[in-house]
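Text of the file query.cif, holding mmCIF, C-alpha atoms and all ligand atoms:
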```
data_final
#
loop_
_atom_site.label_atom_id
_atom_site.label_comp_id
_atom_site.auth_asym_id
_atom_site.auth_seq_id
_atom_site.Cartn_x
_atom_site.Cartn_y
_atom_site.Cartn_z
CA MET A 1 215.24 102.50 72.59
CA VAL A 2 212.12 102.60 70.40
CA VAL A 3 211.73 100.11 67.55
CA LEU A 4 209.13 100.97 64.94
CA LEU A 5 207.60 98.04 63.09
CA ARG A 6 205.81 98.98 59.89
CA MET A 7 203.76 96.31 58.14
CA PRO A 8 203.65 96.63 54.33
CA SER A 9 200.11 97.71 53.45
CA ASP A 10 199.97 95.47 50.37
CA LEU A 11 200.83 92.29 52.28
CA PRO A 12 198.44 89.60 50.98
CA ILE A 13 197.76 88.19 54.44
CA ASP A 14 194.39 88.22 56.11
CA PRO A 15 195.16 88.95 59.78
CA GLU A 16 192.05 87.17 61.04
CA ALA A 17 192.86 84.04 59.00
CA PHE A 18 196.43 84.14 60.33
CA LYS A 19 195.13 84.47 63.87
CA ARG A 20 192.77 81.52 63.47
CA PHE A 21 195.63 79.46 62.03
CA GLU A 22 197.85 80.32 65.02
CA HIS A 23 195.07 79.70 67.53
CA THR A 24 194.28 76.25 66.13
CA GLY A 25 197.96 75.33 65.88
CA TRP A 26 198.94 76.28 69.42
CA GLY A 27 195.89 74.51 70.77
CA GLU A 28 197.06 71.30 69.12
CA VAL A 29 200.68 71.42 70.30
CA ALA A 30 200.31 72.88 73.79
CA HIS A 31 200.74 69.52 75.54
CA ASN A 32 204.03 68.82 73.67
CA TYR A 33 205.51 72.32 73.87
CA HIS A 34 207.27 71.95 77.21
CA ASP A 35 209.32 68.94 76.04
CA SER A 36 210.16 70.42 72.64
CA PHE A 37 210.24 74.21 72.09
CA GLY A 38 210.35 74.83 75.80
CA ARG A 39 213.88 73.47 76.00
CA LEU A 40 214.95 76.23 73.61
CA THR A 41 212.87 79.20 74.74
CA THR A 42 213.63 78.77 78.46
CA GLN A 43 217.27 79.63 77.70
CA ALA A 44 216.27 83.24 77.08
CA VAL A 45 214.17 83.70 80.23
CA GLU A 46 216.75 84.95 82.73
CA PRO A 47 218.59 87.25 80.26
CA MET A 48 215.23 88.80 79.37
CA LEU A 49 214.34 89.44 83.01
CA ASP A 50 217.84 90.84 83.68
CA ALA A 51 217.64 93.17 80.67
CA SER A 52 214.27 94.54 81.76
CA GLY A 53 215.30 94.99 85.40
CA VAL A 54 212.80 92.60 86.95
CA GLY A 55 213.11 92.09 90.70
CA GLU A 56 211.24 92.30 93.99
CA GLY A 57 207.86 93.98 93.53
CA THR A 58 208.06 94.53 89.74
CA ARG A 59 204.58 94.45 88.18
CA LEU A 60 205.06 92.23 85.14
CA LEU A 61 202.71 91.10 82.38
CA ASP A 62 203.95 88.17 80.29
CA VAL A 63 202.14 88.31 76.92
CA ALA A 64 201.90 85.16 74.74
CA THR A 65 203.06 83.39 77.88
CA GLY A 66 202.62 79.86 76.47
CA PRO A 67 203.60 77.49 79.30
CA GLY A 68 204.36 80.50 81.47
CA TYR A 69 208.13 80.36 81.79
CA VAL A 70 208.80 84.10 82.06
CA ALA A 71 205.92 84.80 84.44
CA ALA A 72 207.00 81.94 86.72
CA ALA A 73 210.67 83.00 86.73
CA ALA A 74 209.63 86.58 87.51
CA VAL A 75 207.58 85.36 90.49
CA ARG A 76 210.65 83.46 91.72
CA ARG A 77 212.45 86.84 91.72
CA GLY A 78 209.73 88.38 93.87
CA ALA A 79 207.87 90.12 91.04
CA ARG A 80 204.06 90.38 90.89
CA ALA A 81 203.69 88.60 87.56
CA LEU A 82 200.74 87.48 85.49
CA GLY A 83 200.78 85.53 82.21
CA ILE A 84 198.27 85.89 79.39
CA ASP A 85 197.76 83.78 76.26
CA PHE A 86 194.92 83.44 73.73
CA SER A 87 195.08 79.64 73.76
CA SER A 88 193.10 77.98 76.54
CA SER A 89 195.27 74.86 76.10
CA MET A 90 198.42 76.91 76.69
CA VAL A 91 196.88 78.57 79.74
CA ALA A 92 195.97 75.13 81.12
CA GLU A 93 199.55 73.97 80.53
CA ALA A 94 200.96 77.07 82.26
CA ARG A 95 198.69 76.49 85.28
CA ARG A 96 199.72 72.81 85.41
CA LEU A 97 203.44 73.67 85.36
CA HIS A 98 203.25 76.68 87.71
CA PRO A 99 200.22 76.28 89.99
CA ALA A 100 201.21 79.20 92.21
CA VAL A 101 201.31 81.72 89.33
CA GLU A 102 198.31 83.54 87.84
CA PHE A 103 197.48 82.93 84.16
CA ARG A 104 194.56 84.24 82.15
CA GLU A 105 193.20 83.73 78.68
CA GLY A 106 193.45 86.91 76.62
CA ASP A 107 194.47 88.50 73.35
CA ALA A 108 197.77 90.39 72.98
CA GLU A 109 196.00 92.77 70.60
CA ALA A 110 193.37 93.81 73.16
CA LEU A 111 194.85 93.57 76.65
CA PRO A 112 192.16 93.55 79.34
CA PHE A 113 194.02 96.00 81.62
CA GLU A 114 193.97 99.73 82.42
CA ARG A 115 196.80 102.17 81.73
CA ASP A 116 199.66 102.15 84.27
CA THR A 117 199.02 98.60 85.45
CA PHE A 118 202.53 97.19 84.84
CA ASP A 119 206.22 98.13 85.05
CA VAL A 120 207.34 95.53 82.51
CA VAL A 121 205.62 93.74 79.62
CA THR A 122 207.45 90.74 78.18
CA ILE A 123 206.59 89.07 74.85
CA PRO A 124 208.86 86.02 74.75
CA PHE A 125 208.97 84.41 71.29
CA GLY A 126 205.49 85.77 70.67
CA LEU A 127 205.72 88.78 68.37
CA LEU A 128 206.25 86.82 65.15
CA HIS A 129 203.18 84.72 65.92
CA LEU A 130 200.84 87.69 66.25
CA ALA A 131 198.53 88.71 63.43
CA ARG A 132 199.03 92.42 64.26
CA PRO A 133 202.36 92.87 66.12
CA ASP A 134 202.12 96.66 65.84
CA THR A 135 198.76 96.62 67.65
CA ALA A 136 200.17 94.31 70.33
CA LEU A 137 203.14 96.64 70.92
CA ALA A 138 200.81 99.63 71.19
CA GLU A 139 198.77 97.69 73.75
CA ALA A 140 201.91 96.79 75.71
CA LEU A 141 202.88 100.48 75.86
CA ARG A 142 199.35 101.47 76.89
CA VAL A 143 199.28 99.28 80.01
CA LEU A 144 202.75 100.39 81.18
CA GLY A 145 203.32 103.06 83.79
CA PRO A 146 205.96 105.82 83.58
CA GLY A 147 209.43 104.38 83.02
CA GLY A 148 207.92 101.06 81.94
CA ARG A 149 209.80 98.61 79.73
CA VAL A 150 208.74 96.25 76.93
CA ALA A 151 211.05 93.28 76.29
CA PHE A 152 210.67 90.72 73.53
CA THR A 153 212.61 87.86 72.01
CA VAL A 154 212.19 86.63 68.43
CA TRP A 155 213.53 83.75 66.39
CA ASP A 156 216.51 84.60 64.15
CA ALA A 157 218.10 82.84 61.19
CA PRO A 158 221.30 80.90 61.90
CA ARG A 159 224.37 82.99 61.04
CA PRO A 160 227.56 81.62 59.53
CA PRO A 161 230.52 81.82 61.90
CA SER A 162 232.45 85.09 61.57
CA GLY A 163 236.09 85.16 60.44
CA SER A 164 237.79 83.54 57.49
CA PHE A 165 239.43 80.17 57.02
C1 LIG B 1 206.27 80.33 70.38
S1 LIG B 1 205.01 80.35 71.63
C2 LIG B 1 205.91 81.22 72.94
C3 LIG B 1 205.56 80.68 74.32
C4 LIG B 1 206.41 81.19 75.46
N1 LIG B 1 206.29 82.63 75.60
C5 LIG B 1 207.85 80.79 75.34
O1 LIG B 1 208.73 81.67 75.36
O2 LIG B 1 208.12 79.59 75.25
C6 LIG B 1 203.89 81.61 71.03
C7 LIG B 1 202.68 81.82 71.93
O3 LIG B 1 201.97 82.96 71.45
C8 LIG B 1 200.60 82.75 71.74
N2 LIG B 1 199.81 83.70 70.94
C9 LIG B 1 199.75 83.80 69.58
N3 LIG B 1 198.93 84.81 69.23
C10 LIG B 1 198.46 85.37 70.39
C11 LIG B 1 197.58 86.45 70.68
N4 LIG B 1 196.99 87.18 69.72
N5 LIG B 1 197.35 86.78 71.98
C12 LIG B 1 197.93 86.04 72.97
N6 LIG B 1 198.75 84.98 72.76
C13 LIG B 1 199.03 84.66 71.48
C14 LIG B 1 200.40 81.28 71.38
O4 LIG B 1 199.21 80.73 71.92
C15 LIG B 1 201.70 80.65 71.95
O5 LIG B 1 201.49 80.23 73.28
#
```

Starting from the coordinates I provided, produce the structure as structure tokens.
Amino acid sequence: MVVLLRMPSDLPIDPEAFKRFEHTGWGEVAHNYHDSFGRLTTQAVEPMLDASGVGEGTRLLDVATGPGYVAAAAVRRGARALGIDFSSSMVAEARRLHPAVEFREGDAEALPFERDTFDVVTIPFGLLHLARPDTALAEALRVLGPGGRVAFTVWDAPRPPSGSF
């Protein structure tokens, strides 16, 4: 399935200002993330890896890795996984939590990898925090090999229960 995201051209948001805002914010909360948001986002890790067919030998890039949950879980499945995040504080946290997994500092909008480097790119709870999500998705597709998969999770609004009373 292909999902096309089109950003309104008249959106009064300066992408670079948004990016600076995000970068500063994540740097400040990185040390608290694992005991707060991490308890929520880790619930989606295994379903995401199942949906994207991650197993022994899968080459996986985890973009906006934060504390590295998806990359670490992929390694536990036998994948060759690497996590990347633009916040040095988040990368430090990921390395602290998962010392056996590789993490690098890098920007989702300019991935420092060649074409056909990965089988799967994951963006767990990252897309809505990116200044240019369309550019990041194009980058994810660029570094994938034939048959590659991109998987992402995003926050959603609470829904009222279905059915009537
Ligand atoms: C909500 S956290 C998600 C962390 C983790 N993936 C999870 O599921 O818990 C969003 C992450 O996106 C990262 N991020 C935001 N913009 C980025 C960019 N342009 N390139 C790389 N990482 C970025 C932040 O540093 C932060 O770690």

Residues within 7 Å of ligand LIG 1 (chain B), counting only C-alpha atoms and all ligand atoms: report them as a PyMOL selection string. chain A and resi 19+22-23+26+37-38+41-42+63-69+84-87+90+106-109+123-126+129-131

Two-atom distance - CA of Leu137 (chain A), CA of Ala92 (chain A) (Å): 24.9 Å

Pairwise distance for CA of Ala51 (chain A) and CA of Asp35 (chain A), rounded to one decimal in Å: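 Separation between CA of Ala51 (chain A) and CA of Asp35 (chain A): 26.0 Å.
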
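Minimum atom-to-atom distance to Ala17 (chain A), evaluated using all atoms listed in the file, belongs to A:Arg132 out of A:Gly147, A:Leu49, A:Arg132, A:Asp116.
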
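Each of A:Arg142, A:Tyr33, A:Leu97, A:Val91 was checked against Pro112 (chain A) using only C-alpha atoms; the smallest atom-to-atom distance is that of A:Arg142.
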
Would you mind completing region 123-134 of chain A so that it carries all heavy atoms, and writing it out as a compact mmCIF listing (two decimals), keeping the file's coordinate frame?
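So result06.txt came out as:
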```
# COMPACT_ATOMS: atom_id res chain seq x y z
N ILE A 123 207.24 89.82 75.95
CA ILE A 123 206.59 89.07 74.85
C ILE A 123 207.63 88.06 74.36
O ILE A 123 208.29 88.26 73.34
CB ILE A 123 206.12 89.99 73.70
CG1 ILE A 123 205.42 91.25 74.23
CG2 ILE A 123 205.20 89.22 72.75
CD1 ILE A 123 205.00 92.24 73.14
N PRO A 124 207.80 86.97 75.10
CA PRO A 124 208.86 86.02 74.75
C PRO A 124 208.46 85.11 73.58
O PRO A 124 207.50 84.36 73.68
CB PRO A 124 209.06 85.21 76.03
CG PRO A 124 207.89 85.48 76.90
CD PRO A 124 207.09 86.60 76.33
N PHE A 125 209.20 85.23 72.49
CA PHE A 125 208.97 84.41 71.29
C PHE A 125 207.50 84.45 70.87
O PHE A 125 206.94 83.44 70.43
CB PHE A 125 209.45 82.97 71.52
CG PHE A 125 210.93 82.89 71.74
CD1 PHE A 125 211.45 82.72 73.02
CD2 PHE A 125 211.80 83.02 70.68
CE1 PHE A 125 212.82 82.68 73.23
CE2 PHE A 125 213.18 82.98 70.88
CZ PHE A 125 213.69 82.81 72.17
N GLY A 126 206.90 85.64 71.00
CA GLY A 126 205.49 85.77 70.67
C GLY A 126 205.22 86.68 69.49
O GLY A 126 204.29 86.43 68.71
N LEU A 127 206.03 87.72 69.34
CA LEU A 127 205.72 88.78 68.37
C LEU A 127 205.52 88.26 66.94
O LEU A 127 204.62 88.70 66.24
CB LEU A 127 206.87 89.79 68.40
CG LEU A 127 206.54 91.27 68.26
CD1 LEU A 127 205.34 91.69 69.08
CD2 LEU A 127 207.77 92.10 68.61
N LEU A 128 206.35 87.32 66.53
CA LEU A 128 206.25 86.82 65.15
C LEU A 128 205.05 85.90 64.94
O LEU A 128 204.75 85.52 63.81
CB LEU A 128 207.54 86.08 64.75
CG LEU A 128 208.83 86.90 64.83
CD1 LEU A 128 210.01 86.09 64.30
CD2 LEU A 128 208.70 88.20 64.06
N HIS A 129 204.37 85.56 66.03
CA HIS A 129 203.18 84.72 65.92
C HIS A 129 201.89 85.53 66.02
O HIS A 129 200.80 84.96 66.03
CB HIS A 129 203.19 83.65 67.02
CG HIS A 129 204.35 82.70 66.87
ND1 HIS A 129 204.35 81.67 65.96
CD2 HIS A 129 205.55 82.67 67.49
CE1 HIS A 129 205.50 81.03 66.03
NE2 HIS A 129 206.25 81.61 66.95
N LEU A 130 202.03 86.84 66.10
CA LEU A 130 200.84 87.69 66.25
C LEU A 130 200.38 88.19 64.89
O LEU A 130 201.20 88.58 64.05
CB LEU A 130 201.15 88.87 67.16
CG LEU A 130 201.62 88.51 68.57
CD1 LEU A 130 201.91 89.77 69.36
CD2 LEU A 130 200.60 87.65 69.29
N ALA A 131 199.08 88.24 64.70
CA ALA A 131 198.53 88.71 63.43
C ALA A 131 198.82 90.20 63.24
O ALA A 131 199.05 90.66 62.13
CB ALA A 131 197.03 88.44 63.40
N ARG A 132 198.80 90.97 64.34
CA ARG A 132 199.03 92.42 64.26
C ARG A 132 200.04 92.81 65.35
O ARG A 132 199.66 93.35 66.40
CB ARG A 132 197.72 93.18 64.47
CG ARG A 132 196.65 92.86 63.43
CD ARG A 132 195.36 93.63 63.71
NE ARG A 132 194.29 93.18 62.85
CZ ARG A 132 193.51 92.13 63.11
NH1 ARG A 132 193.68 91.39 64.21
NH2 ARG A 132 192.55 91.79 62.27
N PRO A 133 201.34 92.57 65.09
CA PRO A 133 202.36 92.87 66.12
C PRO A 133 202.41 94.35 66.49
O PRO A 133 202.71 94.69 67.64
CB PRO A 133 203.67 92.41 65.47
CG PRO A 133 203.38 92.28 64.01
CD PRO A 133 201.93 91.99 63.88
N ASP A 134 202.10 95.23 65.53
CA ASP A 134 202.12 96.66 65.84
C ASP A 134 201.03 97.01 66.85
O ASP A 134 201.24 97.79 67.78
CB ASP A 134 201.97 97.49 64.55
CG ASP A 134 200.82 97.02 63.66
OD1 ASP A 134 200.29 95.90 63.88
OD2 ASP A 134 200.45 97.76 62.74
```
